[in-house]
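The next block is data13.csv, given as CSV, C-alpha atoms.
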```csv
chain,number,residue,atom,x,y,z
A,241,ALA,CA,53.8,75.3,193.5
A,242,GLN,CA,56.2,72.7,194.7
A,243,VAL,CA,55.1,69.8,197.0
A,244,ASP,CA,57.0,70.0,200.3
A,245,SER,CA,57.0,66.6,201.9
A,246,GLY,CA,58.0,68.2,205.2
A,247,SER,CA,54.8,70.2,205.4
A,248,ALA,CA,51.9,68.6,207.2
A,249,ASP,CA,49.5,70.8,205.2
A,250,ASN,CA,50.5,68.9,202.0
A,251,VAL,CA,49.8,65.5,203.5
A,252,LEU,CA,46.3,64.2,204.0
A,253,GLU,CA,45.8,60.9,205.9
A,254,LEU,CA,42.6,59.0,205.5
A,255,ASN,CA,41.8,56.3,208.1
A,256,ASN,CA,39.0,54.0,209.0
A,257,GLY,CA,38.3,52.4,205.6
A,258,CYS,CA,39.4,51.5,202.1
A,259,ILE,CA,39.9,54.4,199.7
A,260,CYS,CA,38.2,52.5,196.9
A,261,CYS,CA,35.0,51.7,198.7
A,262,GLY,CA,34.5,52.5,202.5
A,263,ILE,CA,35.9,56.1,202.3
A,264,LYS,CA,35.7,56.6,198.5
A,265,GLU,CA,33.9,60.0,198.8
A,266,ALA,CA,36.4,61.3,201.3
A,267,PHE,CA,39.3,60.0,199.1
A,268,ASN,CA,37.9,61.8,196.0
A,269,GLU,CA,37.3,65.0,197.9
A,270,ALA,CA,40.8,64.9,199.3
A,271,ILE,CA,42.3,64.6,195.8
A,272,ILE,CA,40.2,67.4,194.5
A,273,ASN,CA,41.2,69.7,197.4
A,274,LEU,CA,44.9,68.9,196.9
A,275,ALA,CA,44.6,69.5,193.1
A,276,ASN,CA,43.1,72.9,193.7
A,277,ARG,CA,46.3,73.9,195.4
A,278,LYS,CA,48.1,73.5,192.0
A,279,PRO,CA,50.9,71.1,193.2
A,280,ASP,CA,53.4,69.6,190.8
A,281,CYS,CA,52.1,66.1,191.6
A,282,ILE,CA,49.9,64.2,194.0
A,283,ILE,CA,51.2,60.8,195.3
A,284,VAL,CA,48.6,58.4,196.7
A,285,GLU,CA,50.0,55.7,199.0
A,286,ALA,CA,47.5,52.9,199.4
A,287,THR,CA,47.7,50.1,201.9
A,288,GLY,CA,49.3,46.8,200.9
A,289,ILE,CA,45.9,45.1,200.3
A,290,ALA,CA,44.6,47.8,197.9
A,291,GLU,CA,43.0,46.7,194.6
A,292,PRO,CA,44.3,48.9,191.7
A,293,HIS,CA,41.2,48.4,189.6
A,294,ARG,CA,38.9,49.8,192.2
A,295,ILE,CA,41.1,52.8,193.1
A,296,ILE,CA,41.3,53.8,189.4
A,297,SER,CA,37.5,53.3,189.1
A,298,SER,CA,36.9,55.6,192.1
A,299,LEU,CA,39.0,58.3,190.4
A,300,THR,CA,37.2,58.0,187.1
A,301,THR,CA,33.6,57.4,188.1
A,302,PRO,CA,31.5,60.6,188.0
A,303,ASN,CA,29.6,61.6,191.2
A,304,GLU,CA,26.0,62.6,191.3
A,305,GLU,CA,26.8,66.0,189.8
A,306,GLY,CA,28.6,64.3,186.9
A,307,VAL,CA,32.1,65.3,188.1
A,308,SER,CA,35.0,62.9,188.6
A,309,VAL,CA,38.5,63.3,190.0
A,310,GLU,CA,39.7,63.0,186.4
A,311,ASN,CA,38.4,66.5,185.8
A,312,PHE,CA,41.1,67.8,188.1
A,313,VAL,CA,44.1,65.4,187.7
A,314,ARG,CA,45.6,62.9,185.3
A,315,ILE,CA,47.0,59.6,186.3
A,316,SER,CA,50.7,59.3,185.6
A,317,ASN,CA,51.7,55.9,186.9
A,318,LEU,CA,50.5,52.9,188.9
A,319,VAL,CA,53.5,51.9,191.1
A,320,THR,CA,53.9,48.6,192.8
A,321,VAL,CA,56.7,48.1,195.4
A,322,ILE,CA,58.0,44.6,195.8
A,323,ASP,CA,60.4,43.2,198.4
A,324,ALA,CA,63.0,41.4,196.3
A,325,GLN,CA,63.7,38.6,198.8
A,326,TRP,CA,59.9,38.0,199.2
A,327,TRP,CA,59.5,37.8,195.4
A,328,ILE,CA,62.4,35.5,195.0
A,329,LYS,CA,60.9,33.2,197.6
A,330,LYS,CA,57.5,33.2,195.9
A,331,VAL,CA,59.2,32.3,192.6
A,332,GLN,CA,61.0,29.4,194.3
A,333,GLU,CA,57.7,28.2,195.8
A,334,THR,CA,56.3,27.4,192.4
A,335,TYR,CA,58.3,24.2,192.5
A,336,GLN,CA,56.8,23.0,195.8
A,337,PRO,CA,53.7,20.8,196.1
A,338,ILE,CA,50.5,22.8,196.4
A,339,ARG,CA,46.8,22.3,196.5
A,340,ARG,CA,45.0,25.4,195.2
A,341,SER,CA,41.8,26.6,196.6
A,342,GLN,CA,39.0,27.0,194.1
A,343,LEU,CA,36.8,30.1,194.0
A,344,LEU,CA,34.0,31.4,191.8
A,345,LEU,CA,34.6,34.6,189.9
A,346,SER,CA,31.8,36.2,191.9
A,347,ASP,CA,33.4,35.2,195.3
A,348,PRO,CA,34.3,38.4,197.1
A,349,ARG,CA,37.2,36.8,198.9
A,350,ARG,CA,40.6,37.9,197.7
A,351,PRO,CA,43.4,35.5,198.6
A,352,LEU,CA,46.7,37.2,199.2
A,353,SER,CA,48.5,35.5,196.3
A,354,GLU,CA,45.8,36.6,193.9
A,355,LEU,CA,45.7,40.2,195.1
A,356,LEU,CA,49.5,40.5,194.9
A,357,THR,CA,49.5,39.1,191.4
A,358,LEU,CA,46.9,41.7,190.4
A,359,GLN,CA,49.1,44.4,191.8
A,360,VAL,CA,52.0,43.2,189.8
A,361,GLU,CA,50.0,42.9,186.5
A,362,SER,CA,48.3,46.3,187.0
A,363,ALA,CA,51.6,48.2,187.5
A,364,SER,CA,53.0,50.6,185.0
A,365,VAL,CA,56.1,50.9,187.2
A,366,ILE,CA,57.5,48.1,189.5
A,367,ILE,CA,60.0,49.0,192.2
A,368,LEU,CA,62.0,45.9,193.2
A,369,ASN,CA,63.4,47.0,196.5
A,370,LYS,CA,66.1,45.5,198.8
A,371,THR,CA,68.0,44.2,195.9
A,372,ASP,CA,71.3,44.4,197.9
A,373,LEU,CA,70.0,41.5,200.0
A,374,ALA,CA,69.6,39.1,197.1
A,375,ASP,CA,72.1,37.2,195.1
A,376,GLU,CA,72.6,38.2,191.5
A,377,ALA,CA,71.3,35.0,189.8
A,378,SER,CA,68.1,34.9,191.9
A,379,LEU,CA,67.6,38.6,191.4
A,380,LYS,CA,67.8,38.3,187.6
A,381,ARG,CA,65.4,35.4,187.5
A,382,SER,CA,62.9,37.3,189.6
A,383,GLN,CA,63.2,40.3,187.4
A,384,SER,CA,62.6,38.1,184.4
A,385,ALA,CA,59.5,36.6,186.1
A,386,LEU,CA,58.1,40.1,186.6
A,387,ALA,CA,58.8,41.0,183.0
A,388,ALA,CA,57.0,37.9,181.9
A,389,LEU,CA,53.9,38.7,183.9
A,390,THR,CA,53.8,42.4,183.0
A,391,PRO,CA,55.9,43.1,179.9
A,392,SER,CA,54.8,46.8,179.6
A,393,ALA,CA,55.9,47.8,183.1
A,394,GLU,CA,59.2,49.6,183.8
A,395,ILE,CA,61.1,47.6,186.4
A,396,ILE,CA,63.4,49.7,188.7
A,397,ALA,CA,65.8,48.0,191.1
A,398,THR,CA,66.4,49.9,194.4
A,399,GLN,CA,68.1,49.6,197.7
A,400,GLU,CA,66.5,51.0,200.9
A,401,GLY,CA,63.7,52.4,198.7
A,402,GLN,CA,66.0,55.1,197.3
A,403,ILE,CA,64.6,56.5,194.0
A,404,GLU,CA,64.5,59.8,192.3
A,405,ILE,CA,61.0,61.2,192.1
A,406,GLU,CA,61.5,62.1,188.4
A,407,GLN,CA,61.8,58.4,187.6
A,408,LEU,CA,58.1,58.0,188.7
A,409,LEU,CA,56.8,61.2,187.2
A,410,ASP,CA,58.7,62.2,184.1
A,411,ASN,CA,57.8,59.0,182.1
A,412,GLU,CA,54.1,58.7,182.2
A,413,ARG,CA,53.2,55.1,181.4
A,414,PHE,CA,49.6,54.9,182.5
A,415,ASN,CA,47.2,54.7,179.6
A,416,PRO,CA,43.5,54.6,180.3
A,417,ALA,CA,42.8,52.8,177.0
A,418,THR,CA,45.1,49.9,177.8
A,419,ALA,CA,45.0,49.9,181.6
A,420,PHE,CA,44.4,46.5,183.1
A,421,LYS,CA,44.7,44.9,179.6
A,422,SER,CA,48.4,44.8,179.2
A,423,SER,CA,49.4,41.8,181.3
A,424,ARG,CA,51.1,39.0,179.4
A,425,CYS,CA,48.0,36.8,179.8
A,426,ASP,CA,45.7,39.5,178.4
A,427,LEU,CA,48.1,40.3,175.5
A,428,GLU,CA,48.3,36.6,174.5
A,429,ILE,CA,44.5,36.0,174.7
A,430,ALA,CA,43.9,39.2,172.6
A,431,LYS,CA,46.1,37.9,169.7
A,432,GLU,CA,44.3,36.9,166.6
A,433,TYR,CA,43.7,33.1,166.3
A,434,ARG,CA,42.1,31.2,163.5
A,435,SER,CA,41.7,27.4,163.0
A,436,THR,CA,39.8,25.6,160.2
A,437,THR,CA,39.5,22.3,162.0
A,438,THR,CA,38.3,21.0,165.4
A,439,ASP,CA,41.6,19.5,166.1
A,440,GLN,CA,44.4,20.8,168.3
A,441,SER,CA,46.0,23.8,166.5
A,442,PRO,CA,49.7,23.8,165.7
A,443,ALA,CA,51.8,24.8,168.7
A,444,ALA,CA,52.8,28.5,168.6
A,445,PRO,CA,56.3,29.3,169.7
A,446,SER,CA,56.8,29.9,173.3
A,447,HIS,CA,58.2,33.2,174.6
A,448,ASP,CA,61.5,32.7,176.4
A,449,HIS,CA,63.1,35.3,178.7
A,450,GLY,CA,66.9,35.1,178.7
A,451,ASP,CA,68.6,32.1,180.3
A,452,PHE,CA,66.2,31.9,183.3
A,453,GLY,CA,63.7,29.4,182.0
A,454,LEU,CA,60.8,31.8,181.9
A,455,THR,CA,58.3,30.5,179.4
A,456,VAL,CA,54.9,31.7,178.1
A,457,PHE,CA,52.7,29.6,175.9
A,458,VAL,CA,49.0,29.4,175.0
A,459,TYR,CA,47.2,26.0,174.9
A,460,ARG,CA,44.6,26.0,172.2
A,461,SER,CA,42.1,23.4,171.2
A,462,ARG,CA,38.8,23.2,169.4
A,463,GLU,CA,37.5,20.1,171.3
A,464,PRO,CA,35.5,20.1,174.5
A,465,ILE,CA,37.3,19.1,177.7
A,466,SER,CA,36.3,17.4,180.9
A,467,HIS,CA,35.4,20.0,183.5
A,468,ASP,CA,36.3,17.8,186.5
A,469,LYS,CA,39.6,16.7,185.1
A,470,LEU,CA,40.6,20.2,184.0
A,471,ILE,CA,39.9,21.7,187.4
A,472,ALA,CA,41.5,18.8,189.3
A,473,TYR,CA,44.7,19.3,187.2
A,474,LEU,CA,44.8,23.1,187.6
A,475,ARG,CA,44.3,22.8,191.4
A,476,SER,CA,47.2,20.4,191.7
A,477,SER,CA,50.9,21.2,191.6
A,478,ILE,CA,52.3,22.1,188.2
A,479,PRO,CA,56.0,22.6,188.8
A,480,GLY,CA,57.2,26.1,187.9
A,481,LEU,CA,53.7,27.6,187.2
A,482,LEU,CA,53.3,31.2,188.1
A,483,ARG,CA,50.1,32.2,186.3
A,484,ALA,CA,47.4,30.8,184.1
A,485,LYS,CA,44.4,32.5,182.6
A,486,GLY,CA,41.9,31.9,179.7
A,487,PHE,CA,38.8,30.3,178.3
A,488,ALA,CA,37.6,26.8,178.5
A,489,TRP,CA,34.9,24.8,176.7
A,490,THR,CA,33.8,22.0,179.0
A,491,ASP,CA,31.3,19.2,179.2
A,492,ARG,CA,29.6,20.6,182.3
A,493,GLU,CA,28.2,23.6,180.6
A,494,PRO,CA,29.1,23.2,176.9
A,495,ASP,CA,27.0,26.1,175.7
A,496,ASN,CA,28.6,28.6,178.2
A,497,ALA,CA,32.1,30.0,178.1
A,498,GLY,CA,34.2,28.9,181.0
A,499,PHE,CA,36.8,31.4,182.3
A,500,LEU,CA,39.7,30.6,184.7
A,501,SER,CA,42.3,32.7,186.5
A,502,LEU,CA,45.1,31.0,188.4
A,503,ALA,CA,47.5,32.9,190.6
A,504,GLY,CA,49.7,31.3,193.3
A,505,ASP,CA,47.6,29.1,195.6
A,506,SER,CA,44.2,30.1,194.2
A,507,LEU,CA,42.1,29.2,191.2
A,508,ARG,CA,39.0,31.1,190.1
A,509,PHE,CA,36.7,29.3,187.6
A,510,ASP,CA,33.2,30.1,186.5
A,511,TYR,CA,30.9,30.1,183.5
A,512,LEU,CA,30.2,33.3,181.7
A,513,SER,CA,27.5,34.0,179.1
A,514,LYS,CA,26.8,31.7,176.3
A,515,TRP,CA,29.2,31.2,173.5
A,516,MET,CA,28.2,33.2,170.4
A,517,HIS,CA,28.1,29.9,168.5
A,518,ALA,CA,25.4,28.6,170.9
A,519,GLN,CA,23.4,31.8,170.6
A,520,ILE,CA,23.4,31.6,166.8
A,521,LYS,CA,22.4,27.9,166.9
A,522,GLU,CA,19.4,28.7,169.2
A,523,GLY,CA,18.4,31.7,167.0
A,524,THR,CA,18.9,34.5,169.5
A,525,LYS,CA,21.8,36.0,167.5
A,526,ASP,CA,22.9,35.9,163.9
A,527,ARG,CA,26.3,36.1,162.3
A,528,SER,CA,26.0,39.8,161.6
A,529,GLN,CA,26.1,40.4,165.4
A,530,ILE,CA,29.4,38.7,165.9
A,531,PRO,CA,31.9,41.3,167.3
A,532,PRO,CA,35.2,41.7,165.3
A,533,GLU,CA,37.3,40.4,168.2
A,534,VAL,CA,35.2,37.2,168.3
A,535,TRP,CA,35.1,36.8,164.5
A,536,GLN,CA,38.9,36.8,164.5
A,537,LYS,CA,38.8,33.6,166.5
A,538,TRP,CA,35.9,32.0,164.7
A,539,ASP,CA,36.0,28.4,163.5
A,540,ARG,CA,33.8,27.2,160.7
A,541,LYS,CA,32.6,24.2,162.8
A,542,THR,CA,32.9,25.2,166.5
A,543,GLY,CA,32.5,29.0,166.2
A,544,ASP,CA,34.0,30.7,169.2
A,545,ARG,CA,34.0,27.5,171.4
A,546,ARG,CA,37.5,26.7,172.3
A,547,GLN,CA,40.3,26.1,174.9
A,548,GLU,CA,42.6,29.1,175.0
A,549,ILE,CA,44.6,29.1,178.2
A,550,VAL,CA,47.8,31.1,178.8
A,551,PHE,CA,50.5,29.5,181.0
A,552,ILE,CA,53.4,31.5,182.4
A,553,GLY,CA,56.1,29.9,184.5
A,554,ILE,CA,59.7,28.8,185.1
A,555,ASP,CA,61.1,25.7,183.4
A,556,LEU,CA,57.6,24.6,182.5
A,557,ASN,CA,57.3,21.3,180.8
A,558,ARG,CA,55.1,22.4,177.9
A,559,GLN,CA,54.9,19.0,176.2
A,560,ALA,CA,53.8,17.3,179.5
A,561,ILE,CA,51.2,20.0,180.2
A,562,GLU,CA,49.7,19.9,176.7
A,563,SER,CA,49.8,16.1,176.7
A,564,ARG,CA,47.9,16.0,180.0
A,565,LEU,CA,45.3,18.5,178.8
A,566,LYS,CA,44.8,16.6,175.5
A,567,SER,CA,44.0,13.5,177.5
A,568,PHE,CA,41.0,15.3,179.0
A,569,HIS,CA,39.4,16.0,175.6
A,570,LEU,CA,36.1,14.6,174.7
A,571,SER,CA,34.6,13.7,171.4
A,572,SER,CA,33.3,16.8,169.6
A,573,PRO,CA,29.5,17.0,169.7
A,574,GLN,CA,27.7,16.5,166.4
```
Would you mind writing the file out in structure tokens?
Amino acid sequence: AQVDSGSADNVLELNNGCICCGIKEAFNEAIINLANRKPDCIIVEATGIAEPHRIISSLTTPNEEGVSVENFVRISNLVTVIDAQWWIKKVQETYQPIRRSQLLLSDPRRPLSELLTLQVESASVIILNKTDLADEASLKRSQSALAALTPSAEIIATQEGQIEIEQLLDNERFNPATAFKSSRCDLEIAKEYRSTTTDQSPAAPSHDHGDFGLTVFVYRSREPISHDKLIAYLRSSIPGLLRAKGFAWTDREPDNAGFLSLAGDSLRFDYLSKWMHAQIKEGTKDRSQIPPEVWQKWDRKTGDRRQEIVFIGIDLNRQAIESRLKSFHLSSPQ
């Protein structure tokens, strides 16, 4: 059967709630009902404040009978549509003074800049629309910025939203195994890293994107850092900074792994579970229980305790950022 966009029978509108929580059951039931009609495809258009993770979770989580929507359909692509002029403006704003709000990881509030960054990083296809209203240089820089944040996404430039449906359906890019793990931040953090000392590791080469000043680098250290100074610095204006994410070993909770996520005008920071190194020292774990991904980053003196923060931005002064972070270091505990 072929989906006819002009037929009301082939369109279901769900109101009065969010499809990933408030009306989750109605959403899942609607998808299953449509799938039973054997269409070529089903297109879900969420609101502009939808959270991709939660939508996918609602499709993949089994109900009380053990049945999930995944039993009836497969997910082809996650598509994010971006207004080119708006994105160019957001990129330009990275040079303006800012004082970021600070939130805990568990804080349910979702600032707009953080939500929109999540939508960009989660996309397997990004449609950059209204490109005819932007100048060529700004457009190329904005495309490079998107590629820096989400290197695995296909970026399609459009005017007036005109796109062939085959461009969204023929090339299936969504991969459940790597979904929400393929942003530039996640890819950089996942890379193997070893250090045999507690000193600052040698600087790895930055990733540059064309002639538009887009730079990605990872700050790494095996020395603890001042919590207050680190947070104050990240909350202040760092010219050109688009995104930062990673782990921190601080003096406030030295046995617990700090985790930060910076997007636009918001910074989330909180402490997770204990470092494996701390658990081994207190006797609750032994070395045989160290997961392979943790062992790859193990240091003979500090274990998995480390600073490992990814920075993504435009014309970032890497030397100045690293020098500032180094000045926040404390003496390593004995």
Quiz item: Looking at all atoms listed in the file, which of A:Asp495, A:Arg277, A:Arg339, A:Ser308 is the one that sits closest to Glu522 (chain A)?
Solution: A:Asp495
Practice problem: Between CA of Lys485 (chain A) and CA of Ala419 (chain A), measure the distance and give it in Å to one decimal. | Solution: 17.4 Å
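One distance worth recording is that between CA of Arg475 (chain A) and CA of Ile338 (chain A), which is 8.0 Å.
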Exercise. May I have the residues within 7 Å of Ile367 (chain A) as a list in words, using all atoms listed in the file and disregarding those fewer than 6 positions away in the same chain?
Key: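 Contacts, in chain order: Thr320, Val321, Ile322, Ile395, Ile396, Ala397 and Thr398 of chain A.
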Just to be explicit: take each residue in the selection above, keep C-alpha atoms, and write the result as an mmCIF file, in the frame of the given file.
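File written: again_6.cif
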```cif
data_model
loop_
_atom_site.group_PDB
_atom_site.id
_atom_site.type_symbol
_atom_site.label_atom_id
_atom_site.label_comp_id
_atom_site.auth_asym_id
_atom_site.auth_seq_id
_atom_site.Cartn_x
_atom_site.Cartn_y
_atom_site.Cartn_z
ATOM 1 C CA THR A 320 53.900 48.600 192.800
ATOM 2 C CA VAL A 321 56.700 48.100 195.400
ATOM 3 C CA ILE A 322 58.000 44.600 195.800
ATOM 4 C CA ILE A 395 61.100 47.600 186.400
ATOM 5 C CA ILE A 396 63.400 49.700 188.700
ATOM 6 C CA ALA A 397 65.800 48.000 191.100
ATOM 7 C CA THR A 398 66.400 49.900 194.400
#
```
Practice problem: Compare A:Lys329, A:Arg564, A:Lys278, A:Arg460 by their minimum atom-to-atom distance to Phe312 (chain A), counting all atoms listed in the file, and give me the closest one. | Solution: A:Lys278
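Omitting Ala275 (chain A) and its sequence neighbours fewer than 3 positions away, and counting only C-alpha atoms, the residues within 12 Å are A:Ala241, A:Val243, A:Asn250, A:Asn268, A:Glu269, A:Ala270, A:Ile271, A:Ile272, A:Lys278, A:Pro279, A:Asp280, A:Cys281, A:Ile282, A:Ile283, A:Val309, A:Glu310, A:Asn311, A:Phe312, A:Val313, A:Arg314.
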Quiz item: For Asp347 (chain A), which residue among A:Ile520, A:Ile552, A:Ile530, A:Asp510 is the nearest when counting all atoms listed in the file?
Solution: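 Using all atoms listed in the file, the shortest distance to Asp347 (chain A) belongs to A:Asp510.
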Quiz item: Lys431 (chain A): which residues within 12 Å, counting only C-alpha atoms, same-chain residues fewer than 2 positions away excluded, as a list in words?
Solution: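 Final neighbour list, sorted by chain and number: Ser422, Arg424, Cys425, Asp426, Leu427, Glu428, Ile429, Tyr433, Arg434, Ala444, Val458, Glu533, Val534, Gln536, Lys537, Glu548 and Val550 of chain A.
Between CA of Asp544 (chain A) and CA of Ala518 (chain A) the separation is 9.0 Å.
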Quiz prompt | Polymer residues at most 9 Å from Glu412 (chain A), only C-alpha atoms, same-chain spacing of 2 or more positions, as a list of chain:residue names | solution = A:Ile315, A:Ser316, A:Asn317, A:Ser364, A:Leu408, A:Leu409, A:Asp410, A:Phe414, A:Asn415
Exercise. Have a look at A:Ile403, A:Leu470, A:Leu389, A:Val284 and name the one nearest to His569 (chain A); count all atoms listed in the file.
Key: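 Checking each of A:Ile403, A:Leu470, A:Leu389, A:Val284 against His569 (chain A), counting all atoms listed in the file, the winner is A:Leu470.
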